[in-house]
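Asker: So that we are looking at the same thing, I have put the structure below in structure tokens.
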Amino acid sequence: MTEFKPITPQQQPKFAGIKTFMRLPHSQTIQGIDFVVAGVPWDGATSYRTGQRLGPDAIRKISVTLRPYNLALDVDIFEHCSGIDYGDLPVIAGYIEDTYAKIEAELCPLVEAGIIPVLMGGDHSITLPELRAVAKTHGPVALIHFDSHTDTNDQYFGKPYYHGSPFRRAVEEDILLAENSIQIGMRGSVYSKAAYADSTALGFKVITMSALREVGPRKLMEIVRKRVGPHKVFVTFDIDVVDPAFAPGTGTPEVGGFTSAEAVDLVRGLRGLNFVGFDVVEVLPDKDPAEITALLAANIVYEFLSLIALNKKSKKNV
Ligand code: MN
Ligand code: MN
């Protein structure tokens with residue numbers, strides 16, 4: 001019995017009403033919930049363009065066009081899951097450490113209650129407090145990280161927290177199982193030949209875009225499954241892993257990325273893993289003509305919800 005599900009076009013047309021993700025009820029209940037979708041409107045830690053604080057708003061707006069049955073994965077999300085749009089997590093513009101504390105505090109009771117958080121950024125610095133909250137209940141987890149950048153730099157003008165360092169911090173804090181984690185899609189100009197050596201030294205496996213083109217998507221999924229194994233896993237999807245032709249609305253674009261079709265297929269390929277949380281980050285509406293990037297981000301979130309539902313469906317069938 002799923003208590004919380006989207007309103008249908010028979011109840012009210014899609015263009016009407018207040019915009020929540022996929023027209024889910026806006027609620028902050030933690031009773032009878034399998035997942036929450038929440039925004040994290042934070043862009044105080046970017047290294048180039050800013051404006052990702054408006055990402056959640058843009059994703060919600062276009063997400064009203066999504067429909068509950070995922071034909072590719074053969075699952076009706078709300079036949080198996082109850083979910084809400086939790087609204088936006090609290091942020092304090094200009095104060096990253098206070099914001100981190102607020103995000104973690106807000107997420108902890110949800111994760112503790114067995115709810116899977118699905119977050120919409122915001123710049124990529126927000127994944128660190130999300131992982132802190134997840135680790136408090138689950139212990140260190142594996143990470144599947146789609147991005148054109150590794151985000152494992154050390155410091156930015158001597159400061160530890162920005163959108164280029166969350167995964168180094170997470171390893172240092174022992175909230176990630178680096179040996180079961182994988183970073184996918186890295187490319188673009190870098191500062192030195194050893195650009196990805198930092199990540200490897202931290203224990204991550206890095207699959208660059210050029211390596212990926214050689215092995216192909218099927219083999220990639222074998223590699224991911226072998227790497228993650230039965231461990232609990234968090235999936236983080238930086239929209240800049242997608243080519244700027246398909247996702248121009250982002251802060252630090254890199255040419256030569258996935259098409260939107262490839263991106264959606266890769267997420268679907270993760271089916272059956274032991275998910276404990278998801279996010280999609282770095283959507284920048286000001287650079288997003290025709291809502292093309294927000295539409296893709298909404299669909300990535302939709303695929304995440306489908307993966308959650310698929311796990312529940314297969315548990316029921318055991
Ligand atoms: Mn990133
Ligand atoms: Mn990136």
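We label chains A, B, ... in the order they appear in the structure tokens, count residues from 1 in each chain, and number ligands from 1 in the order shown.
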Kindly compile the residues surrounding ligand 2 within 6 Å, counting only C-alpha atoms and all ligand atoms, and format them as a PDB file with N, CA, C and O atoms, in the first residue's frame.
Answerer:
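Now in result_14.pdb:
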```pdb
ATOM      1  N   ASP A 147      30.863  11.858 -13.134  1.00  0.00           N
ATOM      2  CA  ASP A 147      31.346  13.246 -13.130  1.00  0.00           C
ATOM      3  C   ASP A 147      32.390  13.365 -14.233  1.00  0.00           C
ATOM      4  O   ASP A 147      32.988  12.366 -14.651  1.00  0.00           O
ATOM      5  N   SER A 148      32.617  14.577 -14.726  1.00  0.00           N
ATOM      6  CA  SER A 148      33.776  14.748 -15.601  1.00  0.00           C
ATOM      7  C   SER A 148      35.019  15.103 -14.784  1.00  0.00           C
ATOM      8  O   SER A 148      36.116  15.181 -15.325  1.00  0.00           O
ATOM      9  N   HIS A 149      34.831  15.323 -13.473  1.00  0.00           N
ATOM     10  CA  HIS A 149      35.946  15.660 -12.572  1.00  0.00           C
ATOM     11  C   HIS A 149      35.954  14.672 -11.403  1.00  0.00           C
ATOM     12  O   HIS A 149      34.901  14.153 -11.031  1.00  0.00           O
ATOM     13  N   ASP A 238      26.990  14.021 -11.050  1.00  0.00           N
ATOM     14  CA  ASP A 238      27.265  15.403 -11.434  1.00  0.00           C
ATOM     15  C   ASP A 238      26.832  15.548 -12.890  1.00  0.00           C
ATOM     16  O   ASP A 238      27.352  14.853 -13.773  1.00  0.00           O
ATOM     17  N   ASP A 240      27.541  17.425 -15.089  1.00  0.00           N
ATOM     18  CA  ASP A 240      28.577  17.760 -16.079  1.00  0.00           C
ATOM     19  C   ASP A 240      29.276  16.526 -16.655  1.00  0.00           C
ATOM     20  O   ASP A 240      30.139  16.646 -17.524  1.00  0.00           O
TER      21      ASP A 240
END
```
Asker: Produce a table with one row for each residue of stretch 170-207 of chain A that has an atom at most 12 Å from any atom of stretch 253-274 of chain A, each row naming the nearest atom pair and its distance in Å at one decimal; use only C-alpha atoms; arrange rows by chain and rising residue number; format as a Markdown table.
Answerer:
```
| residue | atom | partner | partner_atom | distance |
| --- | --- | --- | --- | --- |
| A:Ile184 | CA | A:Leu266 | CA | 10.3 |
| A:Gly185 | CA | A:Gly257 | CA | 7.3 |
| A:Met186 | CA | A:Gly257 | CA | 8.8 |
| A:Arg187 | CA | A:Glu254 | CA | 7.2 |
| A:Gly188 | CA | A:Glu254 | CA | 5.6 |
| A:Ser189 | CA | A:Glu254 | CA | 8.3 |
| A:Val190 | CA | A:Glu254 | CA | 10.8 |
```
Asker: Quick one: write out the picked residues with C-alpha atoms as a tab-separated table (two decimals), in the first residue's frame?
Answerer:
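File written: selection11.tsv
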```tsv
chain	number	residue	atom	x	y	z
A	184	ILE	CA	33.20	7.35	-14.01
A	185	GLY	CA	33.43	9.81	-16.91
A	186	MET	CA	36.51	11.88	-16.13
A	187	ARG	CA	37.87	13.97	-19.01
A	188	GLY	CA	38.87	17.39	-20.19
A	189	SER	CA	41.97	19.48	-19.70
A	190	VAL	CA	43.75	18.92	-16.39
```
Asker: Taking a cut-off of 12 Å and counting only C-alpha atoms and all ligand atoms, can you build a table that, for each residue of chain A near ligand 1, reports the nearest atom pair and how far apart they are in Å (one decimal), sorted by chain then residue number, as CSV?
Answerer:
```
residue,atom,partner,partner_atom_place_in_ligand_line,distance
A:Ala45,CA,ligand 1,1 (Mn),11.1
A:Thr46,CA,ligand 1,1 (Mn),9.7
A:Ser47,CA,ligand 1,1 (Mn),10.8
A:Gly121,CA,ligand 1,1 (Mn),10.8
A:Gly122,CA,ligand 1,1 (Mn),10.5
A:Asp123,CA,ligand 1,1 (Mn),7.6
A:His124,CA,ligand 1,1 (Mn),5.0
A:Ser125,CA,ligand 1,1 (Mn),7.9
A:Ile126,CA,ligand 1,1 (Mn),10.0
A:Thr127,CA,ligand 1,1 (Mn),9.3
A:Leu128,CA,ligand 1,1 (Mn),11.4
A:His145,CA,ligand 1,1 (Mn),8.5
A:Phe146,CA,ligand 1,1 (Mn),8.0
A:Asp147,CA,ligand 1,1 (Mn),5.5
A:Ser148,CA,ligand 1,1 (Mn),7.1
A:His149,CA,ligand 1,1 (Mn),5.7
A:Thr150,CA,ligand 1,1 (Mn),6.8
A:Asp151,CA,ligand 1,1 (Mn),5.6
A:Thr152,CA,ligand 1,1 (Mn),9.3
A:Asn153,CA,ligand 1,1 (Mn),11.0
A:Tyr162,CA,ligand 1,1 (Mn),10.0
A:His163,CA,ligand 1,1 (Mn),6.4
A:Gly164,CA,ligand 1,1 (Mn),6.5
A:Ser165,CA,ligand 1,1 (Mn),8.8
A:Pro166,CA,ligand 1,1 (Mn),8.6
A:Phe167,CA,ligand 1,1 (Mn),9.4
A:Gln183,CA,ligand 1,1 (Mn),10.4
A:Ile184,CA,ligand 1,1 (Mn),11.0
A:Gly185,CA,ligand 1,1 (Mn),10.8
A:Met186,CA,ligand 1,1 (Mn),10.0
A:Thr236,CA,ligand 1,1 (Mn),8.6
A:Phe237,CA,ligand 1,1 (Mn),7.8
A:Asp238,CA,ligand 1,1 (Mn),5.1
A:Ile239,CA,ligand 1,1 (Mn),8.1
A:Asp240,CA,ligand 1,1 (Mn),7.4
A:Val241,CA,ligand 1,1 (Mn),8.4
A:Val242,CA,ligand 1,1 (Mn),11.6
A:Thr250,CA,ligand 1,1 (Mn),10.4
A:Gly251,CA,ligand 1,1 (Mn),9.7
A:Thr252,CA,ligand 1,1 (Mn),8.8
A:Pro253,CA,ligand 1,1 (Mn),10.3
A:Glu254,CA,ligand 1,1 (Mn),11.4
A:Asp279,CA,ligand 1,1 (Mn),11.1
A:Val280,CA,ligand 1,1 (Mn),9.7
A:Val281,CA,ligand 1,1 (Mn),7.4
A:Glu282,CA,ligand 1,1 (Mn),7.3
A:Val283,CA,ligand 1,1 (Mn),10.8
```
Asker: Could you pull the residues within 10 Å of A:Phe4, counting only C-alpha atoms, minus those fewer than 6 positions along the same chain, as number ranges by chain?
Answerer: A: 24-27, 32-34, 78, 81-85
Asker: Save out the residues we just selected, N, CA, C and O atoms, as a compact mmCIF listing (two decimals), in the first residue's frame.
Answerer:
```txt
# COMPACT_ATOMS: atom_id res chain seq x y z
N LEU A 24 4.56 15.02 -6.44
CA LEU A 24 4.42 14.29 -5.18
C LEU A 24 3.87 15.23 -4.12
O LEU A 24 4.04 16.45 -4.21
N PRO A 25 3.27 14.68 -3.07
CA PRO A 25 2.84 15.55 -1.97
C PRO A 25 4.05 16.21 -1.31
O PRO A 25 5.09 15.56 -1.12
N HIS A 26 3.93 17.49 -1.00
CA HIS A 26 4.97 18.16 -0.20
C HIS A 26 4.66 17.88 1.26
O HIS A 26 3.62 18.26 1.78
N SER A 27 5.59 17.16 1.91
CA SER A 27 5.38 16.75 3.29
C SER A 27 6.73 16.56 3.94
O SER A 27 7.74 16.42 3.25
N GLY A 32 5.73 5.83 7.03
CA GLY A 32 5.24 5.14 5.83
C GLY A 32 5.87 5.63 4.54
O GLY A 32 5.23 5.68 3.50
N ILE A 33 7.16 6.01 4.61
CA ILE A 33 7.84 6.58 3.46
C ILE A 33 9.02 5.69 3.07
O ILE A 33 9.78 5.25 3.92
N ASP A 34 9.17 5.44 1.77
CA ASP A 34 10.34 4.68 1.28
C ASP A 34 11.46 5.61 0.83
O ASP A 34 12.63 5.31 1.00
N PHE A 78 5.17 3.70 -7.97
CA PHE A 78 4.30 3.88 -6.80
C PHE A 78 3.42 2.68 -6.50
O PHE A 78 2.62 2.69 -5.58
N CYS A 81 6.42 1.83 -3.92
CA CYS A 81 7.03 2.84 -3.05
C CYS A 81 6.06 3.95 -2.71
O CYS A 81 5.19 4.32 -3.49
N SER A 82 6.30 4.49 -1.51
CA SER A 82 5.61 5.69 -1.07
C SER A 82 6.68 6.77 -0.93
O SER A 82 7.73 6.53 -0.33
N GLY A 83 6.45 7.94 -1.51
CA GLY A 83 7.49 8.97 -1.46
C GLY A 83 6.91 10.37 -1.44
O GLY A 83 5.76 10.59 -1.84
N ILE A 84 7.73 11.28 -0.97
CA ILE A 84 7.28 12.67 -0.84
C ILE A 84 8.35 13.62 -1.40
O ILE A 84 9.52 13.24 -1.53
N ASP A 85 7.92 14.84 -1.70
CA ASP A 85 8.87 15.93 -1.89
C ASP A 85 9.01 16.61 -0.54
O ASP A 85 8.07 17.25 -0.04
```
Asker: Can you list every residue in stretch 159-286 of chain A that DSSP puts in strand (DSSP E), as a compact mmCIF listing (two decimals) with all heavy atoms, in the first residue's frame?
Answerer:
```txt
# COMPACT_ATOMS: atom_id res chain seq x y z
N ILE A 182 33.86 3.82 -7.21
CA ILE A 182 34.31 4.00 -8.58
C ILE A 182 33.89 5.38 -9.09
O ILE A 182 32.81 5.87 -8.76
CB ILE A 182 33.75 2.86 -9.48
CG1 ILE A 182 34.37 2.90 -10.87
CG2 ILE A 182 32.24 2.86 -9.56
CD1 ILE A 182 34.27 1.57 -11.61
N GLN A 183 34.77 6.01 -9.84
CA GLN A 183 34.51 7.32 -10.44
C GLN A 183 34.49 7.15 -11.95
O GLN A 183 35.44 6.61 -12.53
CB GLN A 183 35.59 8.31 -10.02
CG GLN A 183 35.71 8.45 -8.50
CD GLN A 183 36.68 9.53 -8.08
OE1 GLN A 183 37.88 9.42 -8.30
NE2 GLN A 183 36.17 10.59 -7.48
N ILE A 184 33.44 7.65 -12.60
CA ILE A 184 33.20 7.35 -14.01
C ILE A 184 32.98 8.62 -14.82
O ILE A 184 32.16 9.45 -14.45
CB ILE A 184 31.94 6.45 -14.15
CG1 ILE A 184 32.13 5.13 -13.40
CG2 ILE A 184 31.59 6.20 -15.62
CD1 ILE A 184 30.83 4.40 -13.10
N GLY A 185 33.71 8.75 -15.94
CA GLY A 185 33.43 9.81 -16.91
C GLY A 185 34.43 10.94 -16.96
O GLY A 185 34.20 11.95 -17.63
N MET A 186 35.54 10.77 -16.24
CA MET A 186 36.51 11.88 -16.13
C MET A 186 37.12 12.21 -17.49
O MET A 186 37.44 11.33 -18.28
CB MET A 186 37.63 11.51 -15.14
CG MET A 186 37.20 11.57 -13.70
SD MET A 186 36.08 10.21 -13.29
CE MET A 186 34.92 10.99 -12.20
N LYS A 205 38.70 3.70 -7.87
CA LYS A 205 38.96 3.29 -9.24
C LYS A 205 38.42 4.39 -10.14
O LYS A 205 37.29 4.85 -9.95
CB LYS A 205 38.25 1.96 -9.53
CG LYS A 205 38.58 1.37 -10.89
CD LYS A 205 37.96 -0.01 -11.05
CE LYS A 205 38.42 -0.67 -12.33
NZ LYS A 205 39.85 -1.06 -12.29
N VAL A 206 39.23 4.82 -11.09
CA VAL A 206 38.83 5.90 -12.00
C VAL A 206 38.66 5.34 -13.41
O VAL A 206 39.59 4.73 -13.95
CB VAL A 206 39.89 7.03 -12.02
CG1 VAL A 206 39.48 8.12 -13.01
CG2 VAL A 206 40.08 7.63 -10.62
N ILE A 207 37.49 5.52 -13.98
CA ILE A 207 37.26 5.14 -15.38
C ILE A 207 37.09 6.44 -16.17
O ILE A 207 36.04 7.10 -16.08
CB ILE A 207 35.99 4.28 -15.55
CG1 ILE A 207 35.99 3.08 -14.61
CG2 ILE A 207 35.82 3.87 -17.01
CD1 ILE A 207 36.72 1.88 -15.10
N THR A 208 38.11 6.80 -16.93
CA THR A 208 38.01 8.03 -17.72
C THR A 208 37.06 7.80 -18.89
O THR A 208 36.76 6.66 -19.26
CB THR A 208 39.38 8.43 -18.28
OG1 THR A 208 39.82 7.38 -19.15
CG2 THR A 208 40.40 8.65 -17.17
N LYS A 232 26.55 -1.51 0.75
CA LYS A 232 25.62 -0.38 0.63
C LYS A 232 26.29 0.69 -0.22
O LYS A 232 27.49 0.92 -0.08
CB LYS A 232 25.28 0.16 2.01
CG LYS A 232 24.46 -0.83 2.82
CD LYS A 232 24.22 -0.37 4.23
CE LYS A 232 23.29 -1.37 4.94
NZ LYS A 232 23.11 -1.04 6.36
N VAL A 233 25.49 1.32 -1.09
CA VAL A 233 26.12 2.23 -2.06
C VAL A 233 25.33 3.52 -2.21
O VAL A 233 24.09 3.53 -2.20
CB VAL A 233 26.32 1.51 -3.43
CG1 VAL A 233 25.00 1.09 -4.04
CG2 VAL A 233 27.11 2.38 -4.39
N PHE A 234 26.07 4.61 -2.31
CA PHE A 234 25.51 5.93 -2.59
C PHE A 234 25.88 6.29 -4.03
O PHE A 234 27.02 6.10 -4.44
CB PHE A 234 26.11 6.95 -1.62
CG PHE A 234 25.44 8.32 -1.67
CD1 PHE A 234 24.47 8.67 -0.73
CD2 PHE A 234 25.80 9.25 -2.64
CE1 PHE A 234 23.86 9.92 -0.77
CE2 PHE A 234 25.19 10.50 -2.67
CZ PHE A 234 24.22 10.84 -1.74
N VAL A 235 24.90 6.79 -4.80
CA VAL A 235 25.16 7.17 -6.19
C VAL A 235 25.12 8.69 -6.30
O VAL A 235 24.11 9.31 -5.92
CB VAL A 235 24.11 6.56 -7.14
CG1 VAL A 235 24.41 6.95 -8.58
CG2 VAL A 235 24.07 5.04 -7.00
N THR A 236 26.20 9.29 -6.78
CA THR A 236 26.22 10.74 -6.97
C THR A 236 26.44 11.05 -8.45
O THR A 236 27.35 10.49 -9.08
CB THR A 236 27.28 11.40 -6.06
OG1 THR A 236 27.15 12.83 -6.17
CG2 THR A 236 28.70 11.01 -6.40
N PHE A 237 25.59 11.90 -9.00
CA PHE A 237 25.58 12.15 -10.44
C PHE A 237 25.76 13.64 -10.68
O PHE A 237 24.84 14.44 -10.51
CB PHE A 237 24.25 11.67 -11.03
CG PHE A 237 24.24 11.59 -12.53
CD1 PHE A 237 24.43 10.38 -13.17
CD2 PHE A 237 24.07 12.73 -13.30
CE1 PHE A 237 24.43 10.29 -14.56
CE2 PHE A 237 24.07 12.66 -14.69
CZ PHE A 237 24.25 11.44 -15.32
N ASP A 238 26.99 14.02 -11.05
CA ASP A 238 27.27 15.40 -11.43
C ASP A 238 26.83 15.55 -12.89
O ASP A 238 27.35 14.85 -13.77
CB ASP A 238 28.77 15.68 -11.26
CG ASP A 238 29.15 17.12 -11.53
OD1 ASP A 238 28.48 17.78 -12.35
OD2 ASP A 238 30.15 17.57 -10.94
N ASN A 274 22.70 -2.32 -3.79
CA ASN A 274 22.15 -2.09 -2.44
C ASN A 274 22.17 -0.58 -2.10
O ASN A 274 23.00 -0.12 -1.31
CB ASN A 274 22.99 -2.92 -1.46
CG ASN A 274 22.40 -2.95 -0.07
OD1 ASN A 274 21.32 -2.42 0.17
ND2 ASN A 274 23.13 -3.56 0.85
N PHE A 275 21.23 0.17 -2.69
CA PHE A 275 21.28 1.64 -2.61
C PHE A 275 20.85 2.17 -1.24
O PHE A 275 19.87 1.72 -0.68
CB PHE A 275 20.36 2.25 -3.67
CG PHE A 275 20.62 1.76 -5.06
CD1 PHE A 275 19.75 0.89 -5.70
CD2 PHE A 275 21.77 2.15 -5.74
CE1 PHE A 275 20.00 0.43 -6.98
CE2 PHE A 275 22.03 1.70 -7.03
CZ PHE A 275 21.14 0.83 -7.64
N VAL A 276 21.58 3.20 -0.78
CA VAL A 276 21.17 3.89 0.45
C VAL A 276 20.98 5.40 0.24
O VAL A 276 20.53 6.09 1.16
CB VAL A 276 22.18 3.65 1.60
CG1 VAL A 276 22.12 2.21 2.08
CG2 VAL A 276 23.60 4.03 1.20
N GLY A 277 21.32 5.91 -0.93
CA GLY A 277 21.13 7.34 -1.17
C GLY A 277 21.59 7.72 -2.57
O GLY A 277 22.38 7.00 -3.20
N PHE A 278 21.06 8.85 -3.04
CA PHE A 278 21.36 9.34 -4.39
C PHE A 278 21.40 10.86 -4.38
O PHE A 278 20.68 11.50 -3.61
CB PHE A 278 20.25 8.96 -5.37
CG PHE A 278 19.97 7.50 -5.54
CD1 PHE A 278 19.11 6.83 -4.68
CD2 PHE A 278 20.54 6.80 -6.60
CE1 PHE A 278 18.82 5.48 -4.86
CE2 PHE A 278 20.25 5.46 -6.80
CZ PHE A 278 19.39 4.80 -5.93
N ASP A 279 22.18 11.43 -5.30
CA ASP A 279 21.97 12.84 -5.61
C ASP A 279 22.31 13.14 -7.06
O ASP A 279 23.00 12.37 -7.73
CB ASP A 279 22.72 13.78 -4.63
CG ASP A 279 24.24 13.76 -4.74
OD1 ASP A 279 24.77 13.24 -5.75
OD2 ASP A 279 24.90 14.28 -3.83
N VAL A 280 21.74 14.24 -7.54
CA VAL A 280 22.13 14.80 -8.84
C VAL A 280 22.48 16.26 -8.57
O VAL A 280 21.72 16.97 -7.89
CB VAL A 280 21.03 14.60 -9.90
CG1 VAL A 280 19.71 15.21 -9.51
CG2 VAL A 280 21.47 15.16 -11.25
N VAL A 281 23.64 16.67 -9.04
CA VAL A 281 24.15 17.99 -8.64
C VAL A 281 24.61 18.81 -9.84
O VAL A 281 24.75 18.29 -10.95
CB VAL A 281 25.34 17.84 -7.64
CG1 VAL A 281 24.89 17.15 -6.36
CG2 VAL A 281 26.50 17.09 -8.28
```
Asker: Tell me, as a PyMOL selection string, which residues lie within 8 Å of stretch 91-96 of chain A, counting only C-alpha atoms; anything in the same chain fewer than 3 positions away does not count.
Answerer: chain A and resi 40-42+44-45+99-100+102-103+161
Asker: Restricting it to N, CA and C atoms, dump the selection as a compact mmCIF listing (two decimals), in the first residue's frame.
Answerer:
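Saved result, again.txt, follows:
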```txt
# COMPACT_ATOMS: atom_id res chain seq x y z
N VAL A 40 18.67 20.80 -2.35
CA VAL A 40 19.74 21.38 -1.53
C VAL A 40 20.24 22.63 -2.28
N PRO A 41 19.60 23.77 -2.03
CA PRO A 41 19.85 24.96 -2.84
C PRO A 41 21.11 25.71 -2.40
N TRP A 42 22.24 25.10 -2.61
CA TRP A 42 23.53 25.64 -2.13
C TRP A 42 24.50 25.76 -3.31
N GLY A 44 27.53 27.84 -2.73
CA GLY A 44 28.58 28.68 -2.15
C GLY A 44 29.97 28.11 -2.26
N ALA A 45 30.15 27.02 -3.00
CA ALA A 45 31.45 26.35 -3.00
C ALA A 45 31.91 26.00 -4.41
N THR A 99 26.19 25.18 7.05
CA THR A 99 25.28 24.54 6.10
C THR A 99 25.46 23.02 6.14
N TYR A 100 26.71 22.58 6.17
CA TYR A 100 26.98 21.14 6.27
C TYR A 100 26.30 20.55 7.51
N LYS A 102 23.72 21.66 9.12
CA LYS A 102 22.24 21.68 8.96
C LYS A 102 21.77 20.55 8.05
N ILE A 103 22.48 20.37 6.94
CA ILE A 103 22.09 19.31 5.99
C ILE A 103 22.16 17.95 6.69
N TYR A 161 36.87 22.84 2.19
CA TYR A 161 35.58 22.48 1.62
C TYR A 161 35.25 23.33 0.40
```
Asker: Taking the DSSP assignment computed from this structure's backbone, write out as a list in words all residues of stretch 159-195 of chain A that belong to alpha helix (DSSP H).
Answerer: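 Matching residues for alpha helix (DSSP H) in stretch 159-195 of chain A are Pro166, Phe167, Arg168, Arg169, Ala170, Val171 and Glu172 of chain A.
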Asker: Excluding stretch 55-70 of chain A and residues on its chain fewer than 4 positions from it, collect all residues at most 6 Å away from it, counting only C-alpha atoms, and give them as an NGL selection string.
Answerer: :A and (19-23 or 39 or 74-77 or 120 or 283-284 or 294-295 or 298)
Asker: Tell me which protein, DNA and RNA residues are within 10 Å of A:Glu112, counting only C-alpha atoms, leaving out same-chain ones fewer than 2 positions away, and put them as a list in words.
Answerer: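 In the requested format, the answer is Leu107, Cys108, Pro109, Leu110, Gly114, Ile115, Ile116, Ala133, Val134, Lys136, Thr137 and His138 of chain A.
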Asker: Write to file, as a CSV table (one decimal), in the first residue's frame, the residues of the selection just made, with C-alpha atoms.
Answerer:
```
chain,number,residue,atom,x,y,z
A,107,LEU,CA,19.0,14.0,6.9
A,108,CYS,CA,20.0,11.9,9.9
A,109,PRO,CA,16.5,11.1,11.2
A,110,LEU,CA,15.4,10.2,7.7
A,114,GLY,CA,15.2,3.6,6.7
A,115,ILE,CA,14.2,6.2,4.2
A,116,ILE,CA,16.3,6.6,1.0
A,133,ALA,CA,24.4,11.5,7.4
A,134,VAL,CA,24.3,8.2,5.5
A,136,LYS,CA,26.0,7.7,10.7
A,137,THR,CA,23.3,5.0,10.2
A,138,HIS,CA,25.0,2.6,7.7
```
Asker: Quick one: everything within 7 Å of stretch 229-231 of chain A, counting only C-alpha atoms, minus sequence neighbours fewer than 4 positions away in the same chain. Send it as number ranges by chain.
Answerer: A: 141-142, 225, 274
Asker: Could you state the separation of atom CA of A:Gly139 and atom CA of A:Ala170 in Å, given to one decimal place?
Answerer: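 These two atoms are separated by 12.1 Å.
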Asker: Mind giving me the straight-line distance from atom CA of A:Ile175 to atom CA of A:Lys159 in Å, one decimal?
Answerer: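 Taking atom CA of A:Ile175 as the start and atom CA of A:Lys159 as the end point, the length is 20.2 Å.
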Asker: Using only C-alpha atoms for the distances, tell me which of A:Leu73, A:Arg132, A:Glu79, A:Asp88 is nearest to A:Ala101.
Answerer: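 Of A:Leu73, A:Arg132, A:Glu79, A:Asp88, the one nearest A:Ala101 is A:Arg132, counting only C-alpha atoms.
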